[in-house]
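First comes the structure, then the notes that go with it.
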6 protein chains.
Amino acid sequence: MPYVTVKMIEGRSEEQKRALVEKVTAAVSETTGAPTENITVFIEEMSKNHYAVGGVRASDK
Amino acid sequence: MPYVTVKMIEGRSEEQKRALVEKVTAAVSETTGAPTENITVFIEEMSKNHYAVGGVRASDK
Amino acid sequence: MPYVTVKMIEGRSEEQKRALVEKVTAAVSETTGAPTENITVFIEEMSKNHYAVGGVRASDK
Amino acid sequence: MPYVTVKMIEGRSEEQKRALVEKVTAAVSETTGAPTENITVFIEEMSKNHYAVGGVRASDK
Amino acid sequence: MPYVTVKMIEGRSEEQKRALVEKVTAAVSETTGAPTENITVFIEEMSKNHYAVGGVRASDK
Amino acid sequence: MPYVTVKMIEGRSEEQKRALVEKVTAAVSETTGAPTENITVFIEEMSKNHYAVGGVRASDK
């Protein structure tokens, strides 16, 4: 605890994802006081045809 | 805001998904008063072997 | 199936929520072909201090 | 109702997933009193590079 | 891992919830092979006015 | 985009939550390259009787 889910469009590199979970974990630990080893991060990727703002999918723009 | 997630079995066409996000966004805007451009829709697809009602997966029926 | 989740700031009236689930269900049925009785809608409300865009919570603006 | 989501690392066999949804459905029915046919189970798989505990992804260990 | 979320209408007793997480954890452990201590269960309750099947909320039936 | 959800036991102060969303947003922006204003953070709190590790709820320990 805490459990963090980051949902984003697919396409980030492994380097970016590795840094993402590391930095987000540090930010959560620093601000909540939870020990780093208790923090879980999930990455969820979505494709552009499954994401829409304003009624238009990212794949249709 | 609002954020809408539609979870369904995979297999809808791109035409259906395009219409889905458009019509759902309109329905949410009309009933909540939120401007269309503030509404986000996520589609999440699941495969038949990852979905069960009554303890039996759709892929096992 | 499908399962729809609508996440929004708290404060909509019961009338708005009733219309919301009715209209969203109709939109999903029309565009996916799923029978109305198979469609589930969940409303999730969040308070302003639990929602942030750009790093600032809605309650701090 | 209820709706159960099981999130886990990818790689379980179809036999394991079939047993999982069957046994979980039975456990939920027994303890909540909900009829088996009203219980829904979703399986969500994640890859090792999308899951981190303690700031380190399972794929980086 | 795994992480299990059980979403249901509010109103179950503490006894039921205690039994629910115990039995569900056992079912997941038995079928996936994950050690009990690695399994997490979240209960999410919803009120009847936030849950609709067929476009009608449970609170409006 | 991205959308970040932080799920944790209730009880953090407003100061902690304010810092949490600010620091997490900065961490996501820095590592994914997404502009700060495009990043959304949701906080979800759970009570101790709705959270279990190893089949035992936090409220029962």
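Convention: chains lettered A, B, ... in structure tokens order; per-chain residue numbering from 1; ligands numbered from 1 as shown.
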
Applying 10 Å and only C-alpha atoms, which residues near Ser29 in chain A remain after dropping the ones on its own chain fewer than 2 positions away? List them as number ranges by chain. A: 1-2, 23-27, 31-39; D: 54; F: 20

Enumerate as a ChimeraX atom specification all residues of chain C assigned to alpha helix (DSSP H) by DSSP on the backbone, naming them with the chain letters and numbers the document uses. /C:14-32

Skipping near chain neighbours, those fewer than 4 positions away, what residues fall within 10 Å of range 40-46 of chain B using only C-alpha atoms, listed as a ChimeraX atom specification? /A:46-57 /B:1-12,17,20-22,24-25,36,50-51 /C:2-7 /D:42-44

Two-atom distance - CA of Ser13 in chain E, CA of Glu14 in chain C (Å): 26.7 Å
